[in-house]
Every structure is written in structure tokens, then in C-alpha cells.
Amino acid sequence: QVQLVESGGGLVQPGGSLRLSCAASGSIFRSYAMGWYRQAPGKQRELVARITSAGTTNYADSVKGRFTISRDNAKNTVYLQMNSLKPEDTAVYYCNAPTSRTYTSGTYYYTPGGYWGQGTQVTVSA
């Protein structure tokens, strides 16, 4: 059993920064690929970033160059550093484990695992 607890959300002005944290329980954390998803009102939940147990990262095109995912296995924690925030980044952000990736016909597909955090609200507004 894995429990995920997010923190760090809040209200920020456009162009600002936030760092989200996801603390995981369980010793198997370090073997999992971890993901950050987000869901805006009226939209489907989408993958923002993923990091493997080895530290390989993947990002949605919309956040590349602005967001950075990292992990500290000693602290059982994964982070999402968000810079140059835009109003369209406004959403509830969720931590997920294990986030898998498959490759079919030239396209990568990301599938969330069964463990979710409770979510943390990020609002980007002037």
C-alpha cells in the first residue's frame, strides 16, 4: 500500500513560481516511476511530468522548459518545480504512482497507476 500526500499549491501571479511536493509512504517508493497530473475545470486529467526510478524525466509539451520534476528517494518525495506560470496552468495537481509509459506505432502513451494523492490547487491569476 502506498499513500501520497501533496503540498505546496496556492495562488500565484502570472510569471511566478511554485514548488509542489509529494510525500510517499512505503519503502517501494524508490522502485516506482512517479507522475504529476493536473485537472482543470471541465477538462480531462492530463500528465504534466513523469520521473522514473532512475531519474529519467518526461514532460508534456505545454510545460517543457518551465517545469522540472525531481525526486529524493531518501525522503520518499517527488517534487514539481513550476516556473513562468501561466493562467492556463491553473488546475488541481495530483501525484501518481506508478506512472507507466508504453510505446506503440511511434507514439508514447502514459498510463497512471492506482495510487493518487488528494490533490493540491494551483491558481495562476493576477
# chains A, B, ... in the order shown; residues from 1 in each chain; ligands from 1
$ closest_atom_pairs --of "region 16-40 of chain A" --to "region 111-115 of chain A" --cutoff "12 Å" --atoms "only C-alpha atoms" --output "tab-separated table"
residue	atom	partner	partner_atom	distance
A:Cys22	CA	A:Tyr115	CA	11.9
A:Ala24	CA	A:Tyr115	CA	10.0
A:Ser25	CA	A:Tyr115	CA	11.1
A:Gly26	CA	A:Tyr115	CA	11.9
A:Phe29	CA	A:Tyr115	CA	11.2
A:Tyr32	CA	A:Gly113	CA	9.8
A:Ala33	CA	A:Gly113	CA	9.4
A:Met34	CA	A:Gly113	CA	9.0
A:Gly35	CA	A:Pro112	CA	7.7
A:Trp36	CA	A:Pro112	CA	9.5
A:Tyr37	CA	A:Pro112	CA	8.8
A:Arg38	CA	A:Pro112	CA	11.9
$ closest_residue --among "A:Gln13, A:Thr104, A:Gln81, A:Thr90" --to "Gln39 (chain A)" --atoms "only C-alpha atoms"
A:Thr90
$ closest_residue --among "A:Tyr108, A:Phe67, A:Tyr59, A:Trp116" --to "Leu85 (chain A)" --atoms "only C-alpha atoms"
A:Phe67
$ residues_around --residues "region 73-77 of chain A" --least-positions-apart "3" --cutoff "12 Å" --atoms "only C-alpha atoms" --output "ChimeraX atom specification"
/A:2-7,20-35,51-55,69-70,80,95-97
$ select_by_dssp --residues "chain A" --states "strand (DSSP E or B)" --output "MDAnalysis selection string"
chainID A and resid 4:7 10:12 18:24 34:39 46:51 57:59 67:72 77:82 91:97 100:104 107:111 115:116 120:124
$ residues_around --residues "Gly65 (chain A)" --least-positions-apart "4" --cutoff "10 Å" --atoms "only C-alpha atoms" --output "VMD selection string"
chain A and resid 59 61 82 to 84
$ atom_distance --atom1 "CA of Arg66 (chain A)" --atom2 "CA of Ser17 (chain A)"
9.5 Å
$ select_by_dssp --residues "chain A" --states "helix (DSSP H, G or I)" --output "list in words"
Ser27, Ile28, Phe29, Arg30, Ser31, Pro87, Glu88 and Asp89 of chain A
$ atom_distance --atom1 "CA of Thr123 (chain A)" --atom2 "CA of Pro98 (chain A)"
26.1 Å
